[in-house]
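Content type mmCIF, C-alpha atoms, from the file run-v9.cif:
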data_protein
loop_
_atom_site.label_atom_id
_atom_site.label_comp_id
_atom_site.auth_asym_id
_atom_site.auth_seq_id
_atom_site.Cartn_x
_atom_site.Cartn_y
_atom_site.Cartn_z
CA MET A 1 22.37 9.93 0.67
CA LYS A 2 19.65 11.66 2.60
CA ALA A 3 16.88 9.32 3.77
CA VAL A 4 13.35 10.28 2.80
CA GLY A 5 9.92 8.77 3.45
CA LEU A 6 9.37 8.49 -0.27
CA PHE A 7 12.23 8.08 -2.72
CA ALA A 8 11.67 7.63 -6.46
CA PHE A 9 14.44 6.24 -8.56
CA SER A 10 14.85 5.01 -12.15
CA LEU A 11 16.57 2.19 -13.93
CA TYR A 12 17.70 2.88 -17.49
CA LEU A 13 18.46 0.15 -20.00
CA LEU A 14 21.32 1.03 -22.37
CA ALA A 15 20.17 1.33 -25.99
CA ARG A 16 23.09 -0.60 -27.44
CA ALA A 17 24.02 -4.12 -28.40
CA SER A 18 25.59 -6.13 -25.60
CA VAL A 19 28.16 -8.87 -25.59
CA ALA A 20 27.36 -12.23 -24.03
CA GLY A 21 27.25 -12.06 -20.24
CA GLU A 22 27.28 -8.27 -20.10
CA ALA A 23 24.36 -6.75 -18.18
CA PRO A 24 22.95 -3.91 -20.33
CA TRP A 25 21.81 -1.82 -17.38
CA THR A 26 22.59 1.45 -15.76
CA THR A 27 20.88 2.65 -12.62
CA SER A 28 20.26 6.18 -11.49
CA PRO A 29 20.92 6.29 -8.62
CA GLU A 30 22.60 2.99 -7.94
CA SER A 31 20.93 2.68 -4.53
CA ALA A 32 18.26 4.45 -2.50
CA GLU A 33 17.06 4.81 1.06
CA VAL A 34 13.45 4.65 2.17
CA PHE A 35 11.85 4.86 5.60
CA GLN A 36 9.78 2.05 7.07
CA GLY A 37 6.24 2.46 5.76
CA GLY A 38 7.42 4.31 2.64
CA ILE A 39 6.99 3.77 -1.10
CA VAL A 40 9.58 3.48 -3.84
CA GLU A 41 8.85 4.02 -7.52
CA ILE A 42 10.91 1.95 -9.95
CA ARG A 43 11.19 2.81 -13.65
CA VAL A 44 12.81 0.78 -16.42
CA SER A 45 13.31 2.10 -19.94
CA GLY A 46 15.38 1.69 -23.10
CA GLY A 47 16.21 -1.06 -25.58
CA ASP A 48 13.62 -3.26 -27.25
CA MET A 49 11.96 -4.51 -24.08
CA ALA A 50 8.80 -6.58 -24.38
CA GLY A 51 8.23 -6.74 -20.62
CA VAL A 52 9.70 -6.29 -17.14
CA LYS A 53 9.28 -8.13 -13.84
CA GLY A 54 10.57 -7.30 -10.39
CA PHE A 55 11.09 -9.56 -7.38
CA LEU A 56 11.41 -8.70 -3.70
CA ARG A 57 12.61 -11.91 -2.07
CA ASN A 58 10.23 -14.43 -3.69
CA GLN A 59 7.40 -11.96 -4.27
CA GLU A 60 6.77 -10.58 -7.73
CA ILE A 61 6.41 -6.81 -8.07
CA PRO A 62 4.34 -6.10 -11.22
CA PHE A 63 5.53 -3.54 -13.76
CA PHE A 64 3.16 -1.73 -16.11
CA PHE A 65 3.89 -0.30 -19.54
CA GLU A 66 3.66 3.48 -19.81
CA GLU A 67 3.68 6.05 -22.58
CA GLY A 68 7.15 6.60 -24.01
CA GLY A 69 8.07 2.92 -23.84
CA SER A 70 9.04 2.74 -20.16
CA TYR A 71 7.83 0.37 -17.45
CA ALA A 72 6.97 1.45 -13.89
CA ALA A 73 6.17 -0.20 -10.57
CA LEU A 74 5.41 0.89 -7.03
CA LEU A 75 7.06 -0.99 -4.17
CA GLY A 76 5.87 -0.73 -0.58
CA VAL A 77 8.13 -1.11 2.45
CA ASP A 78 6.24 -2.37 5.49
CA LEU A 79 6.23 -0.18 8.58
CA GLU A 80 7.87 -3.02 10.53
CA GLU A 81 10.37 -4.00 7.82
CA ARG A 82 13.75 -4.65 9.45
CA PRO A 83 16.17 -1.77 8.80
CA GLY A 84 19.05 -2.58 6.50
CA PRO A 85 19.72 -3.56 2.88
CA VAL A 86 17.01 -5.15 0.76
CA GLY A 87 17.79 -6.66 -2.64
CA ILE A 88 15.40 -6.28 -5.58
CA THR A 89 15.84 -8.35 -8.73
CA ILE A 90 14.71 -6.72 -11.98
CA LYS A 91 14.27 -8.92 -15.05
CA SER A 92 13.44 -7.77 -18.57
CA TRP A 93 12.98 -9.63 -21.82
CA SER A 94 13.32 -8.41 -25.38
CA LYS A 95 10.96 -8.89 -28.29
CA GLY A 96 13.37 -11.57 -29.47
CA GLY A 97 12.98 -13.49 -26.22
CA ASP A 98 16.34 -12.63 -24.62
CA TRP A 99 16.29 -12.19 -20.83
CA LYS A 100 18.39 -9.73 -18.84
CA GLU A 101 18.67 -9.44 -15.07
CA LYS A 102 19.84 -6.77 -12.61
CA LEU A 103 20.09 -6.76 -8.82
CA ILE A 104 19.63 -3.39 -7.13
CA ASN A 105 19.69 -2.48 -3.46
CA LEU A 106 17.47 -0.45 -1.20
CA ARG A 107 18.38 0.51 2.31
CA VAL A 108 15.45 0.56 4.71
CA THR A 109 15.87 3.25 7.34
CA GLU A 110 14.25 3.04 10.76
CA LYS A 111 11.48 5.55 11.37
CA VAL A 112 10.50 6.64 14.85
CA PHE A 113 6.73 6.43 15.12
CA PRO A 114 4.76 8.11 17.92
CA GLN A 115 3.56 6.23 20.98
CA GLU A 116 0.45 6.68 23.07
CA ASN A 117 -0.23 5.30 26.53
CA ILE A 118 -3.88 4.84 27.38
CA SER A 119 -5.86 3.10 30.10
CA VAL A 120 -9.25 1.51 29.53
CA PRO A 121 -11.56 -0.54 31.73
CA ALA A 122 -10.54 -4.18 31.81
CA SER A 123 -13.94 -5.15 30.42
CA PHE A 124 -13.31 -3.08 27.28
CA ASP A 125 -10.02 -4.84 26.64
CA ARG A 126 -11.30 -8.35 27.36
CA ILE A 127 -12.18 -10.63 24.43
CA ASP A 128 -14.02 -13.92 24.90
CA GLU A 129 -13.15 -17.10 23.00
CA VAL A 130 -16.04 -16.82 20.52
CA THR A 131 -15.05 -13.28 19.63
CA ARG A 132 -11.38 -14.24 19.39
CA LYS A 133 -12.20 -16.92 16.82
CA ARG A 134 -14.26 -14.42 14.86
CA ILE A 135 -11.34 -11.98 14.83
CA GLU A 136 -8.99 -14.70 13.59
CA ARG A 137 -11.37 -15.56 10.72
CA GLU A 138 -11.69 -11.92 9.74
CA GLN A 139 -7.93 -11.33 9.84
CA ALA A 140 -7.40 -14.40 7.65
CA GLN A 141 -10.02 -13.11 5.21
CA LEU A 142 -8.18 -9.81 4.89
CA GLY A 143 -4.80 -11.50 4.72
CA ARG A 144 -5.85 -13.55 1.71
CA LEU A 145 -6.55 -10.36 -0.23
CA TRP A 146 -2.95 -9.14 0.05
CA THR A 147 -1.65 -12.32 -1.59
CA ILE A 148 -3.51 -11.55 -4.83
CA SER A 149 -2.07 -9.18 -7.41
CA SER A 150 -4.39 -8.15 -10.23
CA PRO A 151 -2.68 -8.36 -13.64
CA ARG A 152 -4.04 -4.95 -14.71
CA ARG A 153 -3.41 -1.53 -13.24
CA LEU A 154 -6.85 -0.05 -12.57
CA TRP A 155 -5.81 3.24 -10.99
CA GLN A 156 -5.12 6.32 -13.08
CA GLY A 157 -3.56 9.65 -12.18
CA ARG A 158 -3.39 11.15 -8.74
CA PHE A 159 -4.96 9.53 -5.68
CA LEU A 160 -7.49 11.47 -3.62
CA THR A 161 -7.97 11.58 0.12
CA PRO A 162 -11.35 9.91 0.73
CA VAL A 163 -12.52 12.64 3.10
CA SER A 164 -11.30 16.19 3.69
CA GLY A 165 -10.92 15.93 7.48
CA GLY A 166 -7.55 16.22 9.20
CA ILE A 167 -5.65 13.40 10.90
CA SER A 168 -6.84 12.32 14.33
CA SER A 169 -4.49 9.32 14.65
CA PRO A 170 -1.28 9.10 12.57
CA PHE A 171 0.20 6.22 10.62
CA GLY A 172 2.44 3.91 12.63
CA LEU A 173 1.17 5.05 16.03
CA ARG A 174 2.02 2.46 18.68
CA ARG A 175 -0.61 2.27 21.41
CA ILE A 176 0.26 0.89 24.82
CA ILE A 177 -3.04 -0.12 26.43
CA ASN A 178 -3.02 -0.81 30.14
CA GLY A 179 0.75 -1.27 29.92
CA SER A 180 0.61 -3.78 27.04
CA PRO A 181 2.08 -2.77 23.61
CA ARG A 182 -0.27 -3.32 20.66
CA SER A 183 0.29 -3.60 16.93
CA PRO A 184 1.23 -0.31 15.23
CA HIS A 185 -1.48 1.66 13.48
CA GLY A 186 -1.49 0.40 9.89
CA GLY A 187 -3.34 3.40 8.44
CA VAL A 188 -4.44 6.91 9.33
CA ASP A 189 -7.60 7.97 11.14
CA LEU A 190 -9.22 10.94 9.43
CA LYS A 191 -11.71 13.24 11.14
CA ALA A 192 -15.17 12.62 9.71
CA PRO A 193 -18.44 13.48 11.47
CA LEU A 194 -21.17 10.86 11.40
CA GLY A 195 -22.67 10.59 7.92
CA THR A 196 -19.81 12.32 6.06
CA GLU A 197 -19.51 11.11 2.46
CA ILE A 198 -16.50 8.85 1.81
CA VAL A 199 -15.19 8.63 -1.76
CA ALA A 200 -12.95 6.19 -3.63
CA ALA A 201 -9.31 7.30 -3.67
CA ASN A 202 -8.94 6.07 -7.26
CA HIS A 203 -10.44 3.68 -9.83
CA GLY A 204 -10.75 0.13 -8.55
CA GLN A 205 -12.90 -2.87 -7.77
CA VAL A 206 -14.73 -3.56 -4.52
CA VAL A 207 -13.17 -6.81 -3.31
CA LEU A 208 -14.47 -6.63 0.25
CA ARG A 209 -17.71 -5.22 1.67
CA ASP A 210 -18.34 -6.67 5.08
CA GLU A 211 -18.71 -5.91 8.79
CA PHE A 212 -15.86 -6.96 11.08
CA PHE A 213 -15.40 -6.89 14.83
CA PHE A 214 -12.58 -4.35 14.96
CA SER A 215 -13.05 -2.36 11.72
CA GLY A 216 -16.86 -2.37 11.62
CA LYS A 217 -18.43 -1.84 8.23
CA SER A 218 -15.43 -2.13 5.91
CA ILE A 219 -14.66 -1.66 2.23
CA VAL A 220 -11.47 -2.67 0.42
CA LEU A 221 -10.75 -1.49 -3.13
CA ASP A 222 -8.34 -3.33 -5.42
CA HIS A 223 -6.52 -0.84 -7.68
CA GLY A 224 -4.46 -3.48 -9.49
CA GLY A 225 -0.82 -4.48 -9.23
CA GLY A 226 -1.06 -5.46 -5.57
CA LEU A 227 -2.31 -2.01 -4.48
CA TYR A 228 -5.32 -1.85 -2.13
CA THR A 229 -7.04 0.93 -0.16
CA MET A 230 -9.18 0.32 2.93
CA TYR A 231 -12.09 2.29 4.39
CA PHE A 232 -13.16 1.23 7.91
CA HIS A 233 -15.80 2.11 10.55
CA LEU A 234 -18.42 3.14 7.98
CA ALA A 235 -22.03 3.85 8.95
CA ASP A 236 -23.39 2.64 5.62
CA PHE A 237 -22.31 1.16 2.28
CA HIS A 238 -23.01 2.79 -1.09
CA VAL A 239 -21.36 0.18 -3.32
CA GLU A 240 -21.79 -3.55 -3.85
CA LYS A 241 -19.09 -6.21 -3.67
CA ASP A 242 -17.34 -6.86 -7.01
CA SER A 243 -18.57 -3.55 -8.47
CA GLN A 244 -16.23 -1.21 -10.33
CA VAL A 245 -15.80 2.29 -8.93
CA ARG A 246 -14.29 5.45 -10.35
CA LYS A 247 -12.08 7.95 -8.58
CA GLY A 248 -14.24 10.22 -6.44
CA ASP A 249 -17.29 7.93 -6.43
CA LEU A 250 -19.31 7.80 -3.21
CA ILE A 251 -18.64 4.43 -1.57
CA GLY A 252 -19.98 4.92 1.96
CA LEU A 253 -20.75 7.19 4.89
CA ALA A 254 -18.49 7.81 7.87
CA GLY A 255 -19.55 6.15 11.08
CA MET A 256 -18.36 4.57 14.30
CA THR A 257 -18.97 0.87 13.71
CA GLY A 258 -16.54 -1.67 15.08
CA ARG A 259 -14.18 -1.19 18.02
CA VAL A 260 -14.11 2.61 18.20
CA THR A 261 -15.14 5.35 20.61
CA GLY A 262 -16.24 7.99 18.08
CA PRO A 263 -16.96 8.61 14.40
CA HIS A 264 -14.00 8.79 12.00
CA LEU A 265 -12.59 7.08 8.91
CA HIS A 266 -9.68 4.67 9.09
CA TRP A 267 -7.94 4.88 5.71
CA GLY A 268 -5.29 2.28 4.99
CA VAL A 269 -3.10 1.18 2.08
CA ARG A 270 -1.53 -2.18 1.31
CA LEU A 271 1.09 -2.33 -1.43
CA ASN A 272 2.59 -5.74 -2.28
CA GLY A 273 1.29 -6.78 1.14
CA ALA A 274 3.16 -4.02 2.99
CA ARG A 275 1.46 -1.54 5.31
CA VAL A 276 2.42 1.87 3.93
CA ASN A 277 1.54 5.45 4.77
CA PRO A 278 -1.49 6.50 2.66
CA PHE A 279 -0.08 10.00 2.31
CA ASP A 280 3.08 8.57 0.76
CA LEU A 281 0.80 7.09 -1.91
CA LEU A 282 -0.48 10.60 -2.69
CA GLU A 283 3.11 11.75 -3.22
CA ALA A 284 4.24 8.63 -5.10
CA VAL A 285 1.89 9.20 -8.01
CA GLY A 286 1.42 12.93 -7.63
CA ASN A 287 3.17 13.71 -10.91
CA ARG A 288 1.00 11.34 -12.97
CA GLN A 289 -1.93 12.58 -14.99
#

Would it be possible to restate this file's structure as structure tokens?
Amino acid sequence: MKAVGLFAFSLYLLARASVAGEAPWTTSPESAEVFQGGIVEIRVSGGDMAGVKGFLRNQEIPFFFEEGGSYAALLGVDLEERPGPVGITIKSWSKGGDWKEKLINLRVTEKVFPQENISVPASFDRIDEVTRKRIEREQAQLGRLWTISSPRRLWQGRFLTPVSGGISSPFGLRRIINGSPRSPHGGVDLKAPLGTEIVAANHGQVVLRDEFFFSGKSIVLDHGGGLYTMYFHLADFHVEKDSQVRKGDLIGLAGMTGRVTGPHLHWGVRLNGARVNPFDLLEAVGNRQ
């Protein structure tokens, strides 16, 4: 099967009575491949289902009911996920309370991300102990967000790019600074002159509005179901924490706050905790209205 950065597949429940111990599932296809940093859409339909849950290792992947009686979920594969097979357990229950279970397999395919070697003055790359502790607190604050999965899906229809500028730094870029490899780029940097309006990629709630050492003035939107979008290096905020925003709403202005050398927008996506390519998100829900 040809590997793709985004691969949608469906699970169909047979609309028939089953004998004890028989799994009433068919899958189409029976397996799929996805690149590191990609997104998989899972659909379950058929029978008299009252609900569906998915599990990747011990993490629940929420499914949401859709028109026509099917259930759908988006699953993110982290950009540093180890290549190889990954098992996903799908559980459904009927209106009568009967549970059914199915194990399906993904194969994560290695993706070659670009590298960039740069040299900077030692003073620019040096971090004192006070700053290091601040960075650790800020990273922990962000990390706690990814462990929360809202029970409702807030987003609707297609996602938007938050600014129209092209890409200045791609997803997954590995920088080697003064000979030392750094963490891969967990989002995309979009060209945005100082003061450019930044809009919400979809409906959501502002769960973070703060200023951090590396990312500067930062906003994180919770779109429900473990899906978050991030907007970093802003010059100014135009939304308050905990407020609800609609797709296309102005949330801030592009800037160069934080650890940057020029104005731009860092746009990132977390899906079930995984760092995924924001442009894969545009494709993953591109056929929804």

List every residue of range 135-248 of chain A that has an atom at most 10 Å from any atom of range 54-64 of chain A, giving for each one its closest atom pair and the distance in Å to one decimal, counting only C-alpha atoms, sorted by chain and then by ascending residue number, as a tab-separated table.
residue	atom	partner	partner_atom	distance
A:Thr147	CA	A:Gln59	CA	9.4
A:Ser149	CA	A:Pro62	CA	8.1
A:Ser150	CA	A:Pro62	CA	9.0
A:Pro151	CA	A:Pro62	CA	7.8
A:Arg152	CA	A:Phe64	CA	8.0
A:Arg153	CA	A:Phe64	CA	7.2
A:Gly224	CA	A:Pro62	CA	9.3
A:Gly225	CA	A:Pro62	CA	5.8
A:Gly226	CA	A:Pro62	CA	7.8

Would you output that residue set with C-alpha atoms, as a PDB file, in the coordinates of the input?
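Dumped everything to result-v7.pdb:
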ATOM      1  CA  THR A 147      -1.650 -12.320  -1.590  1.00  0.00           C
ATOM      2  CA  SER A 149      -2.070  -9.180  -7.410  1.00  0.00           C
ATOM      3  CA  SER A 150      -4.390  -8.150 -10.230  1.00  0.00           C
ATOM      4  CA  PRO A 151      -2.680  -8.360 -13.640  1.00  0.00           C
ATOM      5  CA  ARG A 152      -4.040  -4.950 -14.710  1.00  0.00           C
ATOM      6  CA  ARG A 153      -3.410  -1.530 -13.240  1.00  0.00           C
ATOM      7  CA  GLY A 224      -4.460  -3.480  -9.490  1.00  0.00           C
ATOM      8  CA  GLY A 225      -0.820  -4.480  -9.230  1.00  0.00           C
ATOM      9  CA  GLY A 226      -1.060  -5.460  -5.570  1.00  0.00           C
TER      10      GLY A 226
END

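Matched in the shown structure by the PyMOL selection byres ((chain A and resi 278) around 8): Gly187, Val188, Trp267, Gly268, Val269, Val276, Asn277, Phe279, Asp280, Leu281 and Leu282 of chain A.
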
Practice prompt. Report as a PyMOL selection string the residues that result from applying the PyMOL selection byres ((chain A and resi 90) around 9) to the structure here.
Written response: chain A and resi 44+52-55+88-89+91-92+100-104

Practice prompt. Pull out every residue that the PyMOL selection byres ((chain A and resi 192-202) around 10) matches in the shown coordinates and put them as an MDAnalysis selection string.
Written response: chainID A and resid 154:168 189:191 203:206 219:223 229:231 234:238 245:256 262:267 282

Fill in: Coordinates-based distance that separates CA of Ser215 in chain A from CA of Phe232 in chain A (Å, one decimal)
5.2 Å

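Residue nearest Asp78 in chain A within the list A:Glu110, A:Asp48, A:Glu116, A:Glu66: A:Glu110 [criterion: smallest interatomic distance, all atoms listed in the file].
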
Item to complete: Figure out the distance between CA of Arg275 in chain A and CA of Gly51 in chain A, please, to one decimal in Å.
Response: 27.3 Å

Item to complete: Return the single residue from A:Glu138, A:Glu283, A:Glu41, A:Glu80 that is closest to Phe113 in chain A, with distances computed using all atoms listed in the file.
Response: A:Glu80

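The space between CA of Pro184 in chain A and CA of Gln115 in chain A spans 9.0 Å.
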
Any chance you could work out the axis-aligned box around range 233-238 of chain A, listed atoms only, 4 Å on each side, giving centre and edge lengths in Å to one decimal, as lines of an AutoDock Vina configuration file?
center_x = -19.6
center_y = 2.5
center_z = 4.7
size_x = 15.6
size_y = 10.7
size_z = 19.6

Give me the range 60-83 of chain A side of the contact with range 35-40 of chain A, cut-off 8 Å, one line per residue showing its nearest atom pair and distance in Å at one decimal, counting all atoms listed in the file, sorted by chain and residue number, as a Markdown table.
| residue | atom | partner | partner_atom | distance |
| --- | --- | --- | --- | --- |
| A:Leu74 | CA | A:Val40 | CA | 5.9 |
| A:Leu75 | CA | A:Val40 | CA | 5.1 |
| A:Gly76 | CA | A:Ile39 | CA | 4.7 |
| A:Val77 | CA | A:Gly37 | CA | 5.2 |
| A:Asp78 | CA | A:Gly37 | CA | 4.8 |
| A:Leu79 | CA | A:Gly37 | CA | 3.9 |
| A:Glu80 | CA | A:Gln36 | CA | 6.4 |
| A:Glu81 | CA | A:Gln36 | CA | 6.1 |
| A:Pro83 | CA | A:Gln36 | CA | 7.6 |

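Distances here use all atoms listed in the file; by that measure, the residue among A:Ile135, A:Ala274, A:Ile42, A:Leu145 closest to Glu211 in chain A is A:Ile135.
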
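With all atoms listed in the file as the atoms that count, the residue of A:Val112, A:Leu271, A:Leu142, A:Ala72 with the shortest distance to Phe171 in chain A is A:Val112.
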
Could you extract range 91-115 of chain A of the given structure into a file holding N, CA and C atoms, as a tab-separated table (two decimals), in the first residue's frame?
chain	number	residue	atom	x	y	z
A	91	LYS	N	-13.82	0.13	20.37
A	91	LYS	CA	-14.90	-0.49	21.12
A	91	LYS	C	-16.20	0.23	20.83
A	92	SER	N	-17.27	-0.53	20.63
A	92	SER	CA	-18.59	0.07	20.44
A	92	SER	C	-19.57	-0.63	21.36
A	93	TRP	N	-20.64	0.05	21.70
A	93	TRP	CA	-21.69	-0.56	22.49
A	93	TRP	C	-23.04	-0.25	21.88
A	94	SER	N	-23.94	-1.22	22.00
A	94	SER	CA	-25.26	-1.09	21.39
A	94	SER	C	-26.22	-0.41	22.36
A	95	LYS	N	-27.39	-0.09	21.87
A	95	LYS	CA	-28.41	0.52	22.71
A	95	LYS	C	-28.87	-0.43	23.79
A	96	GLY	N	-28.66	-1.74	23.56
A	96	GLY	CA	-29.00	-2.73	24.56
A	96	GLY	C	-27.91	-2.97	25.58
A	97	GLY	N	-26.76	-2.29	25.39
A	97	GLY	CA	-25.67	-2.42	26.36
A	97	GLY	C	-24.63	-3.45	26.01
A	98	ASP	N	-24.71	-4.08	24.85
A	98	ASP	CA	-23.71	-5.07	24.44
A	98	ASP	C	-22.47	-4.37	23.90
A	99	TRP	N	-21.29	-4.86	24.31
A	99	TRP	CA	-20.02	-4.29	23.86
A	99	TRP	C	-19.38	-5.17	22.79
A	100	LYS	N	-18.76	-4.53	21.82
A	100	LYS	CA	-17.99	-5.22	20.79
A	100	LYS	C	-16.62	-4.55	20.70
A	101	GLU	N	-15.63	-5.32	20.30
A	101	GLU	CA	-14.27	-4.79	20.26
A	101	GLU	C	-13.55	-5.26	19.00
A	102	LYS	N	-12.69	-4.40	18.46
A	102	LYS	CA	-11.92	-4.71	17.25
A	102	LYS	C	-10.53	-4.10	17.37
A	103	LEU	N	-9.51	-4.85	17.02
A	103	LEU	CA	-8.15	-4.34	16.99
A	103	LEU	C	-7.74	-4.13	15.54
A	104	ILE	N	-7.33	-2.93	15.20
A	104	ILE	CA	-6.85	-2.64	13.85
A	104	ILE	C	-5.41	-2.17	13.94
A	105	ASN	N	-4.73	-2.17	12.82
A	105	ASN	CA	-3.31	-1.84	12.81
A	105	ASN	C	-2.99	-0.72	11.83
A	106	LEU	N	-2.20	0.21	12.32
A	106	LEU	CA	-1.57	1.21	11.46
A	106	LEU	C	-0.10	0.86	11.31
A	107	ARG	N	0.48	1.30	10.23
A	107	ARG	CA	1.93	1.20	10.11
A	107	ARG	C	2.47	2.61	9.94
A	108	VAL	N	3.27	3.03	10.91
A	108	VAL	CA	3.89	4.36	10.86
A	108	VAL	C	5.13	4.28	9.99
A	109	THR	N	5.18	5.16	9.01
A	109	THR	CA	6.30	5.18	8.05
A	109	THR	C	7.21	6.36	8.35
A	110	GLU	N	8.49	6.12	8.32
A	110	GLU	CA	9.46	7.18	8.60
A	110	GLU	C	9.38	8.26	7.53
A	111	LYS	N	9.45	9.51	7.97
A	111	LYS	CA	9.46	10.64	7.04
A	111	LYS	C	10.79	11.38	7.21
A	112	VAL	N	11.39	11.71	6.11
A	112	VAL	CA	12.66	12.44	6.16
A	112	VAL	C	12.35	13.93	6.21
A	113	PHE	N	12.65	14.53	7.34
A	113	PHE	CA	12.43	15.96	7.51
A	113	PHE	C	13.70	16.73	7.18
A	114	PRO	N	13.57	17.97	6.76
A	114	PRO	CA	14.76	18.76	6.39
A	114	PRO	C	15.60	19.11	7.62
A	115	GLN	N	16.87	19.38	7.38
A	115	GLN	CA	17.79	19.82	8.42
A	115	GLN	C	18.39	21.16	8.05
